[in-house]
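The structure file upload.tsv is reproduced below (TSV, C-alpha atoms and all ligand atoms).
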chain	number	residue	atom	x	y	z
A	1	MET	CA	122.31	91.13	80.07
A	2	LYS	CA	120.89	92.65	83.26
A	3	ALA	CA	118.75	91.21	86.00
A	4	ARG	CA	115.18	92.47	86.11
A	5	VAL	CA	114.95	93.52	89.75
A	6	SER	CA	111.75	95.50	90.35
A	7	GLY	CA	112.36	97.08	93.77
A	8	LEU	CA	112.84	96.26	97.44
A	9	HIS	CA	111.26	93.05	98.78
A	10	HIS	CA	112.14	92.98	102.50
A	11	ILE	CA	114.80	94.26	104.89
A	12	THR	CA	116.04	92.15	107.78
A	13	ALA	CA	117.62	93.67	110.90
A	14	ILE	CA	119.00	92.51	114.24
A	15	ALA	CA	117.27	93.32	117.52
A	16	SER	CA	117.56	92.37	121.17
A	17	ASP	CA	114.34	91.95	123.21
A	18	PRO	CA	111.59	90.38	121.00
A	19	ARG	CA	108.71	91.80	123.09
A	20	GLN	CA	110.09	95.31	122.86
A	21	ASN	CA	110.55	94.80	119.10
A	22	LEU	CA	106.97	93.61	118.63
A	23	ASP	CA	105.60	96.49	120.69
A	24	PHE	CA	107.55	99.14	118.78
A	25	TYR	CA	106.73	98.02	115.25
A	26	THR	CA	103.06	97.22	115.85
A	27	ARG	CA	101.91	99.71	118.51
A	28	VAL	CA	104.22	102.68	117.89
A	29	LEU	CA	104.58	102.45	114.08
A	30	GLY	CA	101.25	100.73	113.38
A	31	LEU	CA	102.65	98.01	111.13
A	32	ARG	CA	100.93	94.63	110.96
A	33	PHE	CA	102.59	91.62	112.60
A	34	VAL	CA	102.45	89.32	109.57
A	35	LYS	CA	104.53	86.29	110.55
A	36	LYS	CA	105.85	84.75	113.74
A	37	SER	CA	108.55	82.25	112.89
A	38	VAL	CA	112.01	81.18	114.00
A	39	ASN	CA	115.50	81.79	112.67
A	40	GLN	CA	116.00	78.69	110.52
A	41	ASP	CA	119.68	78.51	111.49
A	42	ASP	CA	118.95	79.11	115.19
A	43	PRO	CA	115.40	77.91	116.04
A	44	GLY	CA	115.74	79.11	119.65
A	45	THR	CA	115.40	82.64	118.26
A	46	TYR	CA	112.36	84.25	116.69
A	47	HIS	CA	112.12	85.62	113.19
A	48	LEU	CA	109.47	88.35	113.38
A	49	TYR	CA	107.95	89.94	110.26
A	50	TYR	CA	106.02	93.23	109.99
A	51	GLY	CA	104.37	94.72	106.92
A	52	ASP	CA	101.16	95.97	105.39
A	53	TYR	CA	97.86	94.08	105.72
A	54	ALA	CA	98.67	91.66	102.89
A	55	ALA	CA	102.40	91.34	103.74
A	56	SER	CA	103.16	92.71	100.28
A	57	PRO	CA	106.71	92.67	98.93
A	58	GLY	CA	108.15	96.16	99.44
A	59	THR	CA	106.60	96.57	102.90
A	60	ILE	CA	108.22	93.79	104.94
A	61	LEU	CA	110.63	94.55	107.78
A	62	THR	CA	111.89	91.44	109.56
A	63	PHE	CA	113.95	90.95	112.71
A	64	PHE	CA	116.14	88.38	114.40
A	65	PRO	CA	115.77	89.35	118.08
A	66	TRP	CA	118.48	87.93	120.36
A	67	THR	CA	117.67	88.82	123.97
A	68	GLY	CA	120.56	90.68	125.59
A	69	LEU	CA	122.56	91.08	122.37
A	70	ARG	CA	124.93	94.04	122.47
A	71	ARG	CA	124.29	96.98	120.20
A	72	GLY	CA	126.13	97.21	116.89
A	73	ARG	CA	127.23	100.40	115.20
A	74	PRO	CA	125.60	101.54	111.97
A	75	GLY	CA	128.25	102.52	109.45
A	76	THR	CA	130.01	101.71	106.22
A	77	GLY	CA	129.70	98.25	104.74
A	78	GLN	CA	126.08	98.07	105.90
A	79	ALA	CA	122.60	99.03	104.89
A	80	TYR	CA	122.66	102.12	107.07
A	81	ALA	CA	119.10	103.44	107.19
A	82	THR	CA	115.63	102.39	106.08
A	83	ALA	CA	113.18	105.01	104.82
A	84	LEU	CA	109.45	104.29	105.11
A	85	SER	CA	106.99	106.09	102.86
A	86	VAL	CA	104.29	108.20	104.52
A	87	PRO	CA	101.73	110.64	103.06
A	88	ALA	CA	102.98	114.14	102.20
A	89	LYS	CA	101.55	116.05	105.17
A	90	SER	CA	101.92	113.41	107.86
A	91	LEU	CA	105.27	114.35	109.44
A	92	PRO	CA	103.82	116.71	112.14
A	93	PHE	CA	101.57	113.83	113.30
A	94	TRP	CA	104.60	111.55	113.64
A	95	GLN	CA	106.77	114.20	115.35
A	96	GLU	CA	104.08	114.65	117.97
A	97	ARG	CA	103.61	110.91	118.35
A	98	PHE	CA	107.37	110.29	118.74
A	99	SER	CA	107.63	113.06	121.35
A	100	LYS	CA	104.68	111.64	123.29
A	101	LEU	CA	106.04	108.07	123.18
A	102	ASP	CA	109.69	109.02	123.85
A	103	VAL	CA	110.92	107.75	120.47
A	104	PRO	CA	114.31	109.35	119.72
A	105	HIS	CA	113.98	111.48	116.58
A	106	GLN	CA	115.72	114.34	114.81
A	107	ALA	CA	114.54	117.50	113.07
A	108	VAL	CA	112.86	117.14	109.69
A	109	ALA	CA	115.43	117.44	106.90
A	110	HIS	CA	115.24	117.80	103.13
A	111	ARG	CA	116.43	115.05	100.84
A	112	PHE	CA	116.15	115.70	97.10
A	113	ALA	CA	112.55	116.96	96.65
A	114	ASP	CA	111.22	115.31	99.82
A	115	LYS	CA	111.10	115.74	103.60
A	116	VAL	CA	112.53	113.13	105.92
A	117	LEU	CA	112.07	112.55	109.67
A	118	PRO	CA	114.93	110.44	111.06
A	119	PHE	CA	114.18	108.33	114.15
A	120	ALA	CA	115.43	105.21	115.89
A	121	ASP	CA	113.91	102.00	117.22
A	122	PRO	CA	114.63	100.82	120.80
A	123	ASN	CA	117.94	99.25	119.66
A	124	GLY	CA	119.09	102.34	117.78
A	125	LEU	CA	118.17	101.00	114.33
A	126	ARG	CA	118.19	103.99	111.97
A	127	LEU	CA	114.76	104.55	110.44
A	128	GLU	CA	113.28	107.46	108.52
A	129	LEU	CA	109.76	108.53	107.66
A	130	LEU	CA	109.89	109.99	104.19
A	131	ALA	CA	107.04	112.22	103.08
A	132	THR	CA	107.30	112.02	99.34
A	133	SER	CA	105.83	114.33	96.74
A	134	GLU	CA	105.70	111.34	94.39
A	135	ALA	CA	102.52	109.30	94.10
A	136	ASP	CA	102.53	106.23	96.35
A	137	PRO	CA	99.44	104.24	95.37
A	138	ARG	CA	100.02	101.48	97.94
A	139	PRO	CA	97.15	101.15	100.41
A	140	ALA	CA	97.60	102.90	103.75
A	141	VAL	CA	96.27	100.59	106.43
A	142	PRO	CA	95.02	102.30	109.60
A	143	ALA	CA	96.18	101.00	112.97
A	144	LYS	CA	95.12	101.82	116.51
A	145	ASP	CA	96.10	105.50	117.03
A	146	VAL	CA	97.54	105.76	113.47
A	147	PRO	CA	94.78	106.89	111.07
A	148	ALA	CA	95.09	105.82	107.43
A	149	GLY	CA	95.96	109.37	106.37
A	150	PHE	CA	99.23	109.14	108.32
A	151	ALA	CA	100.00	105.43	108.02
A	152	ILE	CA	103.20	103.92	106.65
A	153	ARG	CA	102.76	102.51	103.13
A	154	GLY	CA	105.92	100.43	102.91
A	155	PHE	CA	109.53	101.10	102.04
A	156	HIS	CA	110.60	104.25	100.29
A	157	SER	CA	114.32	103.47	100.05
A	158	SER	CA	117.27	101.75	101.63
A	159	THR	CA	120.44	103.77	102.21
A	160	LEU	CA	123.70	101.82	101.96
A	161	ALA	CA	126.73	103.39	103.64
A	162	LEU	CA	129.97	102.76	101.77
A	163	SER	CA	133.55	103.90	102.04
A	164	ASP	CA	133.68	103.81	98.23
A	165	GLY	CA	130.50	103.43	96.18
A	166	THR	CA	132.06	102.78	92.78
A	167	GLU	CA	131.88	98.99	92.69
A	168	THR	CA	128.49	98.86	94.40
A	169	ALA	CA	127.07	101.32	91.88
A	170	ARG	CA	128.44	99.15	89.09
A	171	VAL	CA	126.66	96.05	90.46
A	172	LEU	CA	123.40	97.98	90.86
A	173	THR	CA	123.46	99.44	87.35
A	174	ASP	CA	125.35	96.96	85.17
A	175	SER	CA	124.10	93.73	86.77
A	176	MET	CA	120.82	94.54	88.54
A	177	GLY	CA	119.43	97.04	86.06
A	178	LEU	CA	118.99	100.01	88.41
A	179	LYS	CA	119.46	103.53	87.04
A	180	LEU	CA	121.03	106.59	88.62
A	181	ALA	CA	118.03	108.80	89.48
A	182	SER	CA	119.48	111.71	91.50
A	183	GLN	CA	122.71	112.79	93.09
A	184	SER	CA	123.48	115.41	95.72
A	185	GLY	CA	126.56	115.70	97.93
A	186	TYR	CA	127.56	112.26	99.21
A	187	ARG	CA	124.20	110.69	98.29
A	188	ALA	CA	123.40	109.02	94.97
A	189	ARG	CA	119.95	107.51	94.36
A	190	TYR	CA	119.38	104.51	92.14
A	191	SER	CA	116.00	103.41	90.92
A	192	ALA	CA	114.85	99.86	90.13
A	193	GLY	CA	112.22	98.79	87.61
A	194	SER	CA	109.70	101.52	86.95
A	195	GLY	CA	110.83	103.49	90.02
A	196	GLY	CA	108.70	105.15	92.70
A	197	PRO	CA	108.61	104.64	96.48
A	198	GLY	CA	109.85	101.15	97.34
A	199	ALA	CA	112.17	100.98	94.33
A	200	TYR	CA	115.04	103.20	95.51
A	201	VAL	CA	118.51	102.46	96.84
A	202	ASP	CA	120.67	105.37	98.00
A	203	LEU	CA	124.45	105.07	98.20
A	204	LEU	CA	125.89	107.29	100.93
A	205	THR	CA	129.66	107.83	100.79
A	206	ASP	CA	130.11	110.43	103.53
A	207	PRO	CA	133.74	110.04	104.70
A	208	ALA	CA	132.68	110.99	108.25
A	209	LEU	CA	130.77	107.71	108.64
A	210	PRO	CA	132.40	105.10	110.89
A	211	ARG	CA	132.95	101.51	109.87
A	212	GLY	CA	129.79	99.53	110.67
A	213	LEU	CA	129.79	96.85	113.36
A	214	ASN	CA	127.14	94.14	113.47
A	215	GLY	CA	124.89	93.84	116.50
A	216	ALA	CA	121.46	94.88	117.73
A	217	GLY	CA	120.15	97.90	115.86
A	218	THR	CA	121.91	97.13	112.57
A	219	ILE	CA	120.65	95.70	109.31
A	220	HIS	CA	121.50	92.13	108.39
A	221	HIS	CA	120.56	92.21	104.70
A	222	VAL	CA	118.52	93.96	102.04
A	223	ALA	CA	116.30	91.87	99.77
A	224	PHE	CA	115.32	92.99	96.29
A	225	ARG	CA	112.29	91.61	94.52
A	226	VAL	CA	111.80	89.76	91.27
A	227	PRO	CA	108.39	88.72	89.93
A	228	ASP	CA	109.08	85.01	89.54
A	229	GLU	CA	111.56	82.14	89.73
A	230	SER	CA	112.72	82.33	86.12
A	231	THR	CA	113.65	86.00	86.59
A	232	GLN	CA	115.49	85.00	89.76
A	233	VAL	CA	117.48	82.26	87.98
A	234	ALA	CA	118.36	84.75	85.21
A	235	ALA	CA	119.46	87.27	87.87
A	236	ARG	CA	121.66	84.61	89.47
A	237	ASP	CA	123.38	83.96	86.12
A	238	VAL	CA	124.00	87.67	85.58
A	239	LEU	CA	125.55	88.10	89.05
A	240	LEU	CA	127.73	85.00	88.62
A	241	LYS	CA	128.94	86.26	85.23
A	242	ALA	CA	129.82	89.58	86.92
A	243	GLY	CA	132.19	87.62	89.16
A	244	LEU	CA	130.10	87.71	92.35
A	245	SER	CA	129.72	84.71	94.62
A	246	VAL	CA	126.00	83.84	94.70
A	247	SER	CA	124.21	81.22	96.81
A	248	PRO	CA	122.05	78.53	95.25
A	249	VAL	CA	118.29	79.17	95.27
A	250	ILE	CA	117.00	78.64	98.82
A	251	ASP	CA	113.33	77.95	99.56
A	252	ARG	CA	112.20	80.33	102.33
A	253	ALA	CA	108.59	79.04	102.15
A	254	TYR	CA	107.06	82.51	101.58
A	255	PHE	CA	109.51	83.28	98.77
A	256	LYS	CA	112.59	81.81	97.12
A	257	SER	CA	115.91	83.53	97.71
A	258	ILE	CA	119.45	83.90	96.46
A	259	TYR	CA	122.14	85.79	98.39
A	260	CYS	CA	125.33	87.57	97.44
A	261	ARG	CA	127.61	90.03	99.22
A	262	GLU	CA	128.14	93.10	97.04
A	263	PRO	CA	131.67	94.55	96.77
A	264	GLY	CA	130.97	97.27	99.40
A	265	GLY	CA	130.22	94.61	102.01
A	266	VAL	CA	126.40	94.69	102.13
A	267	LEU	CA	124.57	91.36	101.99
A	268	PHE	CA	122.03	91.40	99.15
A	269	GLU	CA	119.20	88.94	98.68
A	270	ILE	CA	116.98	88.59	95.64
A	271	ALA	CA	113.56	87.17	96.56
A	272	THR	CA	110.54	86.16	94.51
A	273	ASP	CA	107.23	87.97	95.00
A	274	GLY	CA	105.43	84.66	95.56
A	275	PRO	CA	104.06	82.50	96.97
A	276	GLY	CA	103.60	85.00	99.81
A	277	PHE	CA	102.73	84.90	103.48
A	278	ALA	CA	99.24	83.39	103.31
A	279	ILE	CA	100.45	79.88	102.44
A	280	ASP	CA	100.42	78.58	106.03
A	281	GLU	CA	97.73	80.70	107.72
A	282	PRO	CA	94.75	82.70	106.44
A	283	LEU	CA	95.38	86.32	105.40
A	284	ASP	CA	93.16	87.67	108.19
A	285	GLN	CA	95.10	85.69	110.79
A	286	LEU	CA	98.71	86.35	109.73
A	287	GLY	CA	101.10	86.24	112.69
A	288	ALA	CA	98.67	84.35	114.92
A	289	ILE	CA	100.51	81.03	115.13
A	290	LEU	CA	104.19	80.10	115.34
A	291	SER	CA	105.00	79.16	111.73
A	292	LEU	CA	107.71	76.53	111.34
A	293	PRO	CA	109.37	75.10	108.24
A	294	PRO	CA	108.39	71.42	107.71
A	295	ARG	CA	111.77	70.08	108.92
A	296	LEU	CA	111.30	71.80	112.30
A	297	GLU	CA	107.62	70.84	112.73
A	298	PRO	CA	108.45	67.58	114.62
A	299	HIS	CA	110.24	69.72	117.25
A	300	ARG	CA	107.40	72.25	117.68
A	301	ALA	CA	106.71	71.54	121.35
A	302	ALA	CA	110.37	71.93	122.37
A	303	ILE	CA	110.83	75.04	120.21
A	304	GLU	CA	107.70	76.73	121.59
A	305	ALA	CA	108.72	75.93	125.16
A	306	ALA	CA	112.18	77.45	124.68
A	307	LEU	CA	111.11	80.70	122.97
A	308	PRO	CA	110.48	83.76	125.15
A	309	LYS	CA	106.79	84.68	125.50
A	310	LEU	CA	105.72	87.61	123.32
A	311	GLY	CA	102.83	88.84	125.39
B	1	ZN	ZN	115.90	87.92	103.76

What would the structure in this file look like if it were written as structure tokens?
Ligand code: ZN
Amino acid sequence: MKARVSGLHHITAIASDPRQNLDFYTRVLGLRFVKKSVNQDDPGTYHLYYGDYAASPGTILTFFPWTGLRRGRPGTGQAYATALSVPAKSLPFWQERFSKLDVPHQAVAHRFADKVLPFADPNGLRLELLATSEADPRPAVPAKDVPAGFAIRGFHSSTLALSDGTETARVLTDSMGLKLASQSGYRARYSAGSGGPGAYVDLLTDPALPRGLNGAGTIHHVAFRVPDESTQVAARDVLLKAGLSVSPVIDRAYFKSIYCREPGGVLFEIATDGPGFAIDEPLDQLGAILSLPPRLEPHRAAIEAALPKLG
């Protein structure tokens, strides 16, 4: 029995200044600001969501920005880098854009059959633009200064850094149904569901990598997607039977979630595709209002007054 995980759902990272975070992901990268909410465990802090126009699963990057938080160190035991899918010939556009906007970036490298442009956000979060030769049928949404022909289409892959990938690989394949797709050097690629951009997880076991330390510029968790709640409950049973400690189902309003820490130390979440981000504001106005879970709604005035202004 294996869980039927179909790909990546969202990736959540830690940031410092929320205004800087909003500016980078919307203006520099051209993503859509799809939800302005608060950290449910710490409502004095934002939870900011970016994605494609429809906030589709597989495109959603989210952040907990704590103003003044010290930087962490990306390394083993963490989701180490996030690759975003861009059209095949778009990397020169992005190199020029990053140079013009002083975004730290590295030379284009080859990874399996594709080209990858590594760069960093203002907190040092490791990001990559991956120009894939595979078809990526997801709609490219144009943004100001980022024409559709160059626009980010969503996740390509998440790279997990591990000191030993054996147990993590076993969870991915034996419990979550991913398959080994490619392997080269210290990198092994696993593919979920029917594969393609947005369905890949790479395990990187380079012994030169340091141990990861949490803080600004590091990833908090990686969420995989399942089509519905019954698939999620079945996935929970599979993970429990494999001996992992799994949370109960938690209602996150836009999706339902379960969490478990995989043996390599990375926090995994499995989230449902629905109901989606248009349940509390119209699709054409996503991100316009501060969205609060019902239990925090009575405290809206105090929460809004305490949050830093975004612009
Ligand atoms: Zn999450």

Kindly assemble as a tab-separated table a list of the chain A residues that lie within 7 Å of ligand ZN 1 (chain B), each paired with its nearest atom pair and their distance in Å to one decimal, using only C-alpha atoms and all ligand atoms, sorted first by chain and then by ascending residue number.
residue	atom	partner	partner_atom	distance
A:His10	CA	B:ZN1	ZN	6.4
A:Ile11	CA	B:ZN1	ZN	6.5
A:Thr12	CA	B:ZN1	ZN	5.8
A:His221	CA	B:ZN1	ZN	6.4
A:Val222	CA	B:ZN1	ZN	6.8
A:Ala223	CA	B:ZN1	ZN	5.6
A:Glu269	CA	B:ZN1	ZN	6.1

Within 10 Å of file point (118.0, 97.9, 125.7), counting all atoms listed in the file, expressed as a ChimeraX atom specification: /A:15-17,20,67-71,122-124,216

Nearest candidate to A:Ala188 (options A:Ile152, A:Val246, A:Met176, A:Leu203; using all atoms listed in the file):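 With all atoms listed in the file as the atom set, the closest residue is A:Leu203.
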
Of the listed residues A:Gly7, A:Pro308, A:Gly44, A:Pro263, that which approaches A:Thr168 most closely, counting all atoms listed in the file: A:Pro263

Build an axis-aligned box that encloses every atom of stretch 116-126 of chain A listed in the file, pad it by 8 Å on each side, and report its centre and edge lengths in Å to one decimal, as JSON.
{"center_x": 115.6, "center_y": 106.2, "center_z": 113.4, "size_x": 23.0, "size_y": 29.9, "size_z": 30.9}

Proximity to A:Ala199 - best of A:Pro74, A:Pro139, A:Gly51, A:Gly58, only C-alpha atoms: A:Gly58

Exercise: A:Leu84 partners within 9 Å, all atoms listed in the file, chain neighbours under 5 positions left out, as a ChimeraX atom specification: /A:59,127-131,152-158,197-198

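Ranking A:Arg19, A:Phe33, A:Ser6, A:Lys309 by their shortest atom-to-atom distance to A:Gln285, with all atoms listed in the file included, puts A:Phe33 first.
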
Interatomic distance (Å, one decimal) between atom CA of A:Phe277 and atom CA of A:Leu61: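 Atom CA of A:Phe277 sits 13.2 Å away from atom CA of A:Leu61.
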
Atom CA of A:Val116 to atom CA of A:Ser182, straight-line distance in Å: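 Atom CA of A:Val116 lies 16.1 Å from atom CA of A:Ser182.
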
Interatomic distance (Å, one decimal) between atom CA of A:Ala278 and atom CA of A:Pro18: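 Separating atom CA of A:Ala278 from atom CA of A:Pro18 is a distance of 22.7 Å.
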
Test item: residues at most 12 Å from stretch 94-103 of chain A, all atoms listed in the file, excluding those fewer than 2 positions along its chain, as a PyMOL selection string: chain A and resi 23-25+27-30+86-92+105-108+116-131+145-147+149-152
